[in-house]
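Dropping query.pdb in here (PDB, C-alpha atoms):
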```
ATOM      1  CA  MET X   1     -43.476  46.051-101.764
ATOM      2  CA  ALA X   2     -42.488  42.954 -99.952
ATOM      3  CA  LYS X   3     -41.316  43.424 -96.438
ATOM      4  CA  ALA X   4     -37.826  42.185 -95.645
ATOM      5  CA  THR X   5     -37.867  39.438 -93.091
ATOM      6  CA  PRO X   6     -35.464  39.988 -90.261
ATOM      7  CA  ALA X   7     -32.611  37.495 -90.028
ATOM      8  CA  LYS X   8     -32.949  34.849 -87.327
ATOM      9  CA  THR X   9     -30.449  35.195 -84.533
ATOM     10  CA  THR X  10     -29.305  32.007 -82.845
ATOM     11  CA  LYS X  11     -28.662  32.179 -79.156
ATOM     12  CA  ARG X  12     -25.483  30.497 -78.002
ATOM     13  CA  ALA X  13     -25.610  28.449 -74.903
ATOM     14  CA  PRO X  14     -23.502  29.830 -72.110
ATOM     15  CA  GLN X  15     -20.138  28.046 -71.859
ATOM     16  CA  LYS X  16     -19.305  26.349 -68.613
ATOM     17  CA  SER X  17     -16.060  27.426 -67.072
ATOM     18  CA  VAL X  18     -13.634  24.520 -66.812
ATOM     19  CA  LYS X  19     -11.421  24.549 -63.751
ATOM     20  CA  LYS X  20      -7.991  23.088 -64.228
ATOM     21  CA  THR X  21      -6.882  20.924 -61.338
ATOM     22  CA  VAL X  22      -3.174  20.928 -60.573
ATOM     23  CA  LYS X  23      -1.913  17.747 -58.983
ATOM     24  CA  ALA X  24       0.244  18.299 -55.954
ATOM     25  CA  PRO X  25       3.671  16.650 -56.097
ATOM     26  CA  VAL X  26       3.737  13.291 -54.430
ATOM     27  CA  VAL X  27       6.224  13.214 -51.615
ATOM     28  CA  LYS X  28       7.362   9.749 -50.746
ATOM     29  CA  VAL X  29       7.756   9.331 -47.053
ATOM     30  CA  LYS X  30       9.995   6.525 -46.002
ATOM     31  CA  ALA X  31       8.283   4.092 -43.724
ATOM     32  CA  PRO X  32       9.854   3.531 -40.307
ATOM     33  CA  LYS X  33      10.224  -0.166 -41.139
ATOM     34  CA  ALA X  34      12.253   0.564 -44.276
ATOM     35  CA  LYS X  35      14.489   2.926 -42.353
ATOM     36  CA  ARG X  36      15.008   0.364 -39.612
ATOM     37  CA  ASN X  37      15.861  -2.322 -42.152
ATOM     38  CA  PHE X  38      18.423  -0.054 -43.784
ATOM     39  CA  ILE X  39      20.138   0.671 -40.464
ATOM     40  CA  LEU X  40      20.148  -3.006 -39.461
ATOM     41  CA  ALA X  41      21.551  -4.021 -42.843
ATOM     42  CA  THR X  42      24.303  -1.424 -42.524
ATOM     43  CA  VAL X  43      25.254  -2.558 -39.022
ATOM     44  CA  PHE X  44      25.233  -6.195 -40.148
ATOM     45  CA  ALA X  45      27.485  -5.302 -43.078
ATOM     46  CA  ALA X  46      29.929  -3.615 -40.699
ATOM     47  CA  VAL X  47      29.969  -6.729 -38.489
ATOM     48  CA  LEU X  48      30.641  -8.906 -41.545
ATOM     49  CA  LEU X  49      33.564  -6.675 -42.478
ATOM     50  CA  LEU X  50      34.877  -7.055 -38.936
ATOM     51  CA  LEU X  51      34.643 -10.848 -39.268
ATOM     52  CA  ALA X  52      36.506 -10.714 -42.570
ATOM     53  CA  ASN X  53      39.129  -8.473 -40.965
ATOM     54  CA  SER X  54      39.529 -10.954 -38.087
ATOM     55  CA  ALA X  55      39.862 -13.873 -40.492
ATOM     56  CA  ILE X  56      42.589 -12.089 -42.432
ATOM     57  CA  TRP X  57      44.395 -11.297 -39.177
ATOM     58  CA  VAL X  58      44.244 -14.930 -37.994
ATOM     59  CA  ASN X  59      45.650 -16.183 -41.291
ATOM     60  CA  ARG X  60      48.431 -13.604 -41.308
ATOM     61  CA  ALA X  61      49.421 -13.460 -37.634
ATOM     62  CA  VAL X  62      48.831 -17.051 -36.495
ATOM     63  CA  PHE X  63      48.967 -19.384 -39.510
ATOM     64  CA  ASP X  64      51.765 -17.546 -41.342
ATOM     65  CA  THR X  65      54.971 -18.958 -39.856
ATOM     66  CA  ASN X  66      57.196 -15.973 -40.707
ATOM     67  CA  LYS X  67      54.751 -13.416 -39.324
ATOM     68  CA  PHE X  68      54.098 -15.497 -36.232
ATOM     69  CA  THR X  69      57.831 -15.872 -35.564
ATOM     70  CA  SER X  70      58.396 -12.138 -35.940
ATOM     71  CA  ILE X  71      55.627 -11.227 -33.486
ATOM     72  CA  SER X  72      56.500 -13.939 -30.972
ATOM     73  CA  SER X  73      60.226 -13.201 -30.999
ATOM     74  CA  SER X  74      59.632  -9.617 -29.943
ATOM     75  CA  ALA X  75      57.477 -10.880 -27.051
ATOM     76  CA  LEU X  76      59.611 -13.784 -25.826
ATOM     77  CA  LEU X  77      62.965 -12.011 -26.164
ATOM     78  CA  SER X  78      61.821  -8.749 -24.570
ATOM     79  CA  GLU X  79      63.570  -7.664 -21.387
ATOM     80  CA  SER X  80      60.518  -8.256 -19.182
ATOM     81  CA  SER X  81      60.071 -11.795 -20.552
ATOM     82  CA  ARG X  82      63.738 -12.636 -20.043
ATOM     83  CA  ASN X  83      63.638 -11.325 -16.471
ATOM     84  CA  ALA X  84      60.459 -13.291 -15.768
ATOM     85  CA  LEU X  85      61.909 -16.531 -17.148
ATOM     86  CA  ALA X  86      65.145 -15.989 -15.220
ATOM     87  CA  GLY X  87      63.184 -15.364 -12.033
ATOM     88  CA  GLU X  88      61.206 -18.573 -12.553
ATOM     89  CA  ILE X  89      64.380 -20.594 -13.090
ATOM     90  CA  VAL X  90      65.936 -19.226  -9.891
ATOM     91  CA  GLU X  91      62.751 -19.817  -7.902
ATOM     92  CA  GLN X  92      62.537 -23.413  -9.054
ATOM     93  CA  ALA X  93      66.203 -23.981  -8.158
ATOM     94  CA  LEU X  94      66.052 -22.440  -4.679
ATOM     95  CA  LYS X  95      62.451 -22.956  -3.625
ATOM     96  CA  ASN X  96      63.492 -25.377  -0.848
ATOM     97  CA  ASN X  97      66.344 -23.227   0.465
ATOM     98  CA  PRO X  98      65.075 -19.747   1.400
ATOM     99  CA  THR X  99      68.364 -18.804   3.088
ATOM    100  CA  VAL X 100      70.394 -19.228  -0.088
ATOM    101  CA  ALA X 101      67.598 -17.712  -2.161
ATOM    102  CA  ALA X 102      67.700 -14.510  -0.129
ATOM    103  CA  VAL X 103      71.389 -14.102  -1.002
ATOM    104  CA  VAL X 104      71.724 -15.207  -4.614
ATOM    105  CA  THR X 105      68.248 -14.612  -6.102
ATOM    106  CA  GLU X 106      68.898 -11.134  -7.489
ATOM    107  CA  PRO X 107      72.418 -11.700  -8.928
ATOM    108  CA  ALA X 108      71.468 -15.127 -10.271
ATOM    109  CA  THR X 109      68.359 -13.682 -11.925
ATOM    110  CA  ASN X 110      70.431 -10.956 -13.578
ATOM    111  CA  ILE X 111      72.988 -13.478 -14.838
ATOM    112  CA  ILE X 112      70.382 -15.822 -16.270
ATOM    113  CA  ALA X 113      68.475 -12.922 -17.838
ATOM    114  CA  GLY X 114      71.666 -11.950 -19.614
ATOM    115  CA  LEU X 115      72.237 -15.530 -20.734
ATOM    116  CA  LEU X 116      68.715 -15.638 -22.153
ATOM    117  CA  ASN X 117      69.774 -12.830 -24.481
ATOM    118  CA  SER X 118      72.644 -14.915 -25.889
ATOM    119  CA  GLN X 119      72.580 -16.546 -29.291
ATOM    120  CA  GLN X 120      72.241 -19.995 -27.747
ATOM    121  CA  ALA X 121      69.148 -18.896 -25.825
ATOM    122  CA  LYS X 122      67.720 -17.188 -28.905
ATOM    123  CA  ASN X 123      68.035 -20.438 -30.838
ATOM    124  CA  ALA X 124      66.147 -22.200 -28.065
ATOM    125  CA  ALA X 125      63.547 -19.420 -28.133
ATOM    126  CA  THR X 126      63.071 -19.924 -31.869
ATOM    127  CA  LYS X 127      62.269 -23.586 -31.237
ATOM    128  CA  VAL X 128      59.802 -22.556 -28.533
ATOM    129  CA  ILE X 129      58.111 -20.118 -30.899
ATOM    130  CA  GLY X 130      57.699 -22.827 -33.515
ATOM    131  CA  LYS X 131      56.107 -25.061 -30.892
ATOM    132  CA  VAL X 132      53.779 -22.247 -29.812
ATOM    133  CA  GLN X 133      52.443 -21.973 -33.344
ATOM    134  CA  ILE X 134      51.882 -25.733 -33.424
ATOM    135  CA  LEU X 135      50.144 -25.474 -30.056
ATOM    136  CA  LEU X 136      47.708 -22.870 -31.386
ATOM    137  CA  THR X 137      47.086 -24.360 -34.818
ATOM    138  CA  SER X 138      47.324 -28.131 -34.300
ATOM    139  CA  LYS X 139      44.532 -30.614 -33.709
ATOM    140  CA  ASN X 140      46.585 -32.336 -30.992
ATOM    141  CA  PRO X 141      48.543 -29.607 -29.131
ATOM    142  CA  GLN X 142      51.347 -30.408 -26.682
ATOM    143  CA  ASN X 143      52.964 -28.490 -23.817
ATOM    144  CA  ILE X 144      55.518 -25.796 -24.690
ATOM    145  CA  GLU X 145      58.809 -26.363 -22.865
ATOM    146  CA  TYR X 146      61.945 -24.226 -22.737
ATOM    147  CA  ASP X 147      65.245 -26.165 -22.881
ATOM    148  CA  LEU X 148      67.350 -25.328 -19.797
ATOM    149  CA  THR X 149      70.263 -27.725 -20.275
ATOM    150  CA  GLY X 150      72.646 -25.137 -21.734
ATOM    151  CA  ILE X 151      71.751 -22.496 -19.164
ATOM    152  CA  LYS X 152      72.085 -24.976 -16.276
ATOM    153  CA  GLY X 153      75.633 -25.826 -17.321
ATOM    154  CA  THR X 154      76.673 -22.177 -17.577
ATOM    155  CA  VAL X 155      75.095 -21.234 -14.245
ATOM    156  CA  SER X 156      76.749 -24.195 -12.506
ATOM    157  CA  LYS X 157      80.171 -23.089 -13.766
ATOM    158  CA  LEU X 158      79.577 -19.519 -12.571
ATOM    159  CA  LEU X 159      78.446 -20.685  -9.140
ATOM    160  CA  THR X 160      81.427 -23.034  -8.862
ATOM    161  CA  LEU X 161      83.776 -20.117  -9.482
ATOM    162  CA  ALA X 162      81.930 -18.199  -6.764
ATOM    163  CA  ASN X 163      82.320 -21.125  -4.315
ATOM    164  CA  LYS X 164      78.563 -21.647  -4.114
ATOM    165  CA  ASP X 165      78.661 -25.443  -4.025
ATOM    166  CA  GLN X 166      75.293 -25.743  -2.342
ATOM    167  CA  ALA X 167      73.688 -23.597  -5.020
ATOM    168  CA  VAL X 168      75.343 -25.736  -7.699
ATOM    169  CA  ASP X 169      73.683 -28.792  -6.218
ATOM    170  CA  ARG X 170      70.358 -26.996  -6.330
ATOM    171  CA  VAL X 171      70.855 -26.112  -9.981
ATOM    172  CA  ALA X 172      71.582 -29.750 -10.761
ATOM    173  CA  THR X 173      68.182 -30.713  -9.369
ATOM    174  CA  LEU X 174      66.408 -28.451 -11.827
ATOM    175  CA  PRO X 175      64.492 -30.140 -14.653
ATOM    176  CA  ASP X 176      66.000 -29.916 -18.108
ATOM    177  CA  THR X 177      62.887 -28.145 -19.415
ATOM    178  CA  LEU X 178      60.582 -25.409 -18.135
ATOM    179  CA  VAL X 179      56.891 -25.600 -19.095
ATOM    180  CA  ILE X 180      55.861 -22.190 -20.440
ATOM    181  CA  PHE X 181      52.453 -23.035 -21.919
ATOM    182  CA  ASP X 182      50.202 -25.814 -20.673
ATOM    183  CA  ALA X 183      48.369 -27.277 -23.671
ATOM    184  CA  SER X 184      45.293 -28.056 -21.579
ATOM    185  CA  LYS X 185      44.850 -24.362 -20.749
ATOM    186  CA  VAL X 186      45.503 -22.877 -24.205
ATOM    187  CA  PRO X 187      42.645 -22.975 -26.739
ATOM    188  CA  SER X 188      43.403 -24.438 -30.148
ATOM    189  CA  LEU X 189      42.678 -22.157 -33.091
ATOM    190  CA  TYR X 190      42.746 -24.911 -35.699
ATOM    191  CA  GLN X 191      38.996 -25.275 -36.249
ATOM    192  CA  TYR X 192      38.508 -21.531 -35.791
ATOM    193  CA  GLY X 193      41.191 -20.788 -38.376
ATOM    194  CA  VAL X 194      39.727 -23.193 -40.926
ATOM    195  CA  ALA X 195      36.226 -21.757 -40.420
ATOM    196  CA  MET X 196      37.461 -18.162 -40.666
ATOM    197  CA  THR X 197      39.434 -18.940 -43.815
ATOM    198  CA  LEU X 198      36.269 -20.183 -45.521
ATOM    199  CA  LEU X 199      34.110 -17.428 -44.049
ATOM    200  CA  ALA X 200      36.303 -14.454 -44.970
ATOM    201  CA  PRO X 201      35.493 -14.139 -48.722
ATOM    202  CA  PHE X 202      31.759 -14.763 -48.214
ATOM    203  CA  ALA X 203      31.614 -12.236 -45.369
ATOM    204  CA  PHE X 204      33.385  -9.609 -47.461
ATOM    205  CA  LEU X 205      31.145 -10.128 -50.520
ATOM    206  CA  ALA X 206      27.961 -10.123 -48.413
ATOM    207  CA  ALA X 207      29.024  -6.913 -46.665
ATOM    208  CA  LEU X 208      29.838  -5.285 -49.998
ATOM    209  CA  ALA X 209      26.404  -6.233 -51.369
ATOM    210  CA  LEU X 210      24.610  -4.846 -48.307
ATOM    211  CA  LEU X 211      26.495  -1.559 -48.583
ATOM    212  CA  VAL X 212      26.046  -1.115 -52.334
ATOM    213  CA  MET X 213      22.373  -2.140 -52.580
ATOM    214  CA  PRO X 214      20.915   1.083 -51.058
ATOM    215  CA  HIS X 215      22.912   3.161 -53.552
ATOM    216  CA  VAL X 216      21.563   1.087 -56.450
ATOM    217  CA  LYS X 217      17.969   1.365 -55.229
ATOM    218  CA  LYS X 218      18.489   5.059 -54.379
ATOM    219  CA  SER X 219      16.533   4.545 -51.169
ATOM    220  CA  TYR X 220      17.949   7.720 -49.661
ATOM    221  CA  LYS X 221      20.208  10.550 -50.690
ATOM    222  CA  THR X 222      23.779   9.506 -51.268
ATOM    223  CA  GLU X 223      25.055  11.853 -48.569
ATOM    224  CA  LYS X 224      22.785  10.287 -45.961
ATOM    225  CA  LEU X 225      23.736   6.781 -47.024
ATOM    226  CA  LEU X 226      27.441   7.523 -46.756
ATOM    227  CA  LEU X 227      27.080   9.144 -43.340
ATOM    228  CA  VAL X 228      25.233   6.153 -41.885
ATOM    229  CA  GLN X 229      27.516   3.567 -43.488
ATOM    230  CA  GLY X 230      30.712   5.366 -42.544
ATOM    231  CA  GLY X 231      29.492   5.829 -38.986
ATOM    232  CA  ALA X 232      28.701   2.107 -38.736
ATOM    233  CA  LEU X 233      32.231   1.197 -39.837
ATOM    234  CA  ILE X 234      33.788   3.608 -37.342
ATOM    235  CA  GLY X 235      31.618   2.357 -34.482
ATOM    236  CA  THR X 236      32.305  -1.290 -35.234
ATOM    237  CA  GLY X 237      36.038  -0.661 -35.488
ATOM    238  CA  ILE X 238      36.112   1.160 -32.148
ATOM    239  CA  MET X 239      34.219  -1.707 -30.511
ATOM    240  CA  ALA X 240      36.788  -4.150 -31.927
ATOM    241  CA  LEU X 241      39.587  -2.207 -30.247
ATOM    242  CA  PHE X 242      38.058  -3.110 -26.881
ATOM    243  CA  VAL X 243      38.517  -6.847 -27.564
ATOM    244  CA  GLY X 244      42.058  -6.810 -26.194
ATOM    245  CA  PRO X 245      41.315  -5.174 -22.810
ATOM    246  CA  VAL X 246      38.144  -7.234 -22.324
ATOM    247  CA  PHE X 247      39.715 -10.664 -22.902
ATOM    248  CA  ARG X 248      43.092  -9.949 -21.263
ATOM    249  CA  PRO X 249      42.002 -10.752 -17.641
ATOM    250  CA  PRO X 250      40.393 -14.154 -18.399
ATOM    251  CA  VAL X 251      43.374 -15.165 -20.550
ATOM    252  CA  LEU X 252      45.912 -14.243 -17.870
ATOM    253  CA  ALA X 253      43.768 -15.892 -15.206
ATOM    254  CA  GLN X 254      44.603 -19.242 -16.808
ATOM    255  CA  VAL X 255      48.259 -18.800 -15.768
ATOM    256  CA  ALA X 256      48.749 -19.214 -12.019
ATOM    257  CA  ASN X 257      52.520 -18.608 -12.039
ATOM    258  CA  ALA X 258      53.344 -14.902 -11.692
ATOM    259  CA  ASN X 259      56.572 -15.070 -13.720
ATOM    260  CA  LEU X 260      55.063 -17.035 -16.592
ATOM    261  CA  ARG X 261      52.054 -14.710 -16.562
ATOM    262  CA  VAL X 262      54.399 -11.885 -17.590
ATOM    263  CA  VAL X 263      55.532 -13.924 -20.600
ATOM    264  CA  VAL X 264      51.961 -14.806 -21.588
ATOM    265  CA  GLU X 265      50.900 -11.168 -21.240
ATOM    266  CA  ASN X 266      53.730 -10.069 -23.533
ATOM    267  CA  PHE X 267      52.593 -12.626 -26.119
ATOM    268  CA  TYR X 268      49.001 -11.471 -25.778
ATOM    269  CA  ASN X 269      49.867  -7.791 -26.112
ATOM    270  CA  ALA X 270      52.078  -8.417 -29.143
ATOM    271  CA  PHE X 271      49.346 -10.232 -31.072
ATOM    272  CA  ILE X 272      46.541  -7.908 -29.984
ATOM    273  CA  GLY X 273      48.708  -5.005 -31.105
ATOM    274  CA  THR X 274      48.809  -6.371 -34.653
ATOM    275  CA  PHE X 275      45.032  -6.960 -34.549
ATOM    276  CA  ASN X 276      44.405  -3.377 -33.447
ATOM    277  CA  ALA X 277      46.726  -2.046 -36.145
ATOM    278  CA  GLN X 278      44.808  -3.947 -38.816
ATOM    279  CA  THR X 279      41.427  -2.916 -37.353
ATOM    280  CA  MET X 280      42.452   0.729 -37.684
ATOM    281  CA  TYR X 281      42.165   0.330 -41.475
ATOM    282  CA  LEU X 282      38.453  -0.355 -40.961
ATOM    283  CA  ILE X 283      38.139   2.853 -38.949
ATOM    284  CA  TYR X 284      40.114   4.786 -41.569
ATOM    285  CA  ALA X 285      37.745   3.521 -44.276
ATOM    286  CA  GLY X 286      34.765   4.738 -42.241
ATOM    287  CA  LEU X 287      36.352   8.139 -41.747
ATOM    288  CA  ILE X 288      36.978   8.503 -45.483
ATOM    289  CA  ILE X 289      33.363   7.539 -46.278
ATOM    290  CA  VAL X 290      32.040  10.068 -43.741
ATOM    291  CA  ALA X 291      34.405  12.757 -45.011
ATOM    292  CA  ILE X 292      32.917  12.614 -48.529
ATOM    293  CA  PRO X 293      29.401  13.955 -47.705
ATOM    294  CA  LEU X 294      30.757  16.302 -45.055
ATOM    295  CA  GLY X 295      33.179  17.723 -47.601
ATOM    296  CA  GLN X 296      30.356  18.216 -50.092
ATOM    297  CA  ARG X 297      28.265  20.068 -47.513
ATOM    298  CA  LEU X 298      31.189  22.254 -46.560
ATOM    299  CA  TYR X 299      31.803  23.067 -50.218
ATOM    300  CA  ARG X 300      28.171  24.111 -50.730
ATOM    301  CA  ILE X 301      28.241  26.316 -47.639
ATOM    302  CA  VAL X 302      31.429  28.040 -48.734
ATOM    303  CA  ARG X 303      30.132  28.470 -52.286
ATOM    304  CA  THR X 304      26.792  30.015 -51.240
ATOM    305  CA  THR X 305      28.184  32.255 -48.523
ATOM    306  CA  TYR X 306      31.307  33.495 -50.251
ATOM    307  CA  PHE X 307      31.541  32.855 -53.994
ATOM    308  CA  ASP X 308      27.890  33.595 -54.855
ATOM    309  CA  LYS X 309      27.896  36.849 -52.867
ATOM    310  CA  LYS X 310      31.123  37.855 -54.529
ATOM    311  CA  ALA X 311      29.642  37.138 -57.977
ATOM    312  CA  ARG X 312      26.502  39.222 -57.236
ATOM    313  CA  ALA X 313      28.612  42.091 -56.014
TER     314      ALA X 313
END
```

For the file at hand, write its structure as structure tokens.
Amino acid sequence: MAKATPAKTTKRAPQKSVKKTVKAPVVKVKAPKAKRNFILATVFAAVLLLLANSAIWVNRAVFDTNKFTSISSSALLSESSRNALAGEIVEQALKNNPTVAAVVTEPATNIIAGLLNSQQAKNAATKVIGKVQILLTSKNPQNIEYDLTGIKGTVSKLLTLANKDQAVDRVATLPDTLVIFDASKVPSLYQYGVAMTLLAPFAFLAALALLVMPHVKKSYKTEKLLLVQGGALIGTGIMALFVGPVFRPPVLAQVANANLRVVVENFYNAFIGTFNAQTMYLIYAGLIIVAIPLGQRLYRIVRTTYFDKKARA
């Protein structure tokens, strides 16, 4: 009998264990330079918005005749301005006669201050206001003078009735006009206004591009972007509010006469008040932008601490 041959067994080579490598997530770390550029761009955008805001204010408050007249009338016809102008008129009339001045200065000032509130004086004030706008916006400004002819006639009649003949003679020596603004000491805004008018739209568009670009590139989270941008607008607006107090002393220093300085200060405060009111819109915009991410954070906190616990319960 033939012997059965055993079947050949093939040995399998041992399999090598393959280790799977898991790639760790790549975390992009923002470079300090990129962060610095973002902050600088945001601050620059806020400054551009402030320039655009200033240009709009100049065009509305200074170059718009109706707006300028409304602001200036409240300043020139205010009680303090009328008293200051009346005091200046009396001082000019009695500066060489201190004895008479000691007696009639106060009543004469009160009378003239009342006359400055009359319709005739208001008409003269309207002419002065129109000249003030020309002084600020013209290439060749001229002095601003207040017409005293009508007031001189009325005061002379009142003093004649009071038997103050010497005072009447003093009133007659007064000039027919009183210089309120010296053109050589008031800066012209003509070139500034033209430049700001051309700059305003470009400044606004450039600021808008600088603020929108980080959101398009998604450089940072939207919440962080809004916080930084809103804070920049608020900070720039607050700095702009300090323009009035900072420039008030050098502006008033140009007026040596104490009475006329009161009038100039009233003008300055009236116009700076409108600038501050318009600048507040920039601050309000910043507050709204900051409120958006803060509101989202507050909503998430309330949802996780109250609503989610209530749902699990």

key: Atom pair atom CA of Ala240 of chain X / atom CA of Gly130 of chain X: separation (Å)   =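 It comes out at 28.1 Å.
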
request  = Using the chain letters and numbers from the file, give me the residues hit by the PyMOL selection byres ((chain X and resi 200) around 8), as a PyMOL selection string.
outcome  = chain X and resi 51-53+55-56+196-199+201-204

ask   = Using all atoms listed in the file, which residues sit within 10 Å of segment 287-290 of chain X once same-chain residues fewer than 2 positions away are excluded, as an MDAnalysis selection string?
value = chainID X and resid 223:234 281:285 292:295

key: Test item: which residues lie within 8 Å of (56.6, -14.4, -15.8) counting all atoms listed in the file, as a list in words   =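 Collected hits near the coordinates: Ser81, Asn83, Ala84, Leu85, Gly87, Glu88, Asn257, Ala258, Asn259, Leu260, Arg261, Val262, Val263 and Val264 of chain X.
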
query = Pick from X:Arg36, X:Gln296, X:Trp57, X:Ala206: nearest to Thr222 of chain X, with all atoms listed in the file counted?
reply =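 Of X:Arg36, X:Gln296, X:Trp57, X:Ala206, the one nearest Thr222 of chain X, counting all atoms listed in the file, is X:Gln296.
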
request  = Excluding segment 208-213 of chain X and any residue of its chain fewer than 4 positions from it, enumerate the residues within 7 Å of it, using only C-alpha atoms, and give them as a PyMOL selection string.
outcome  = chain X and resi 41-42+45+204+217

request  = Name the residues that the PyMOL selection byres ((chain X and resi 133) around 9) picks from the file above, as an NGL selection string, using the file's chain letters and numbers.
outcome  = :X and (62-63 or 65 or 68-69 or 128-132 or 134-138)
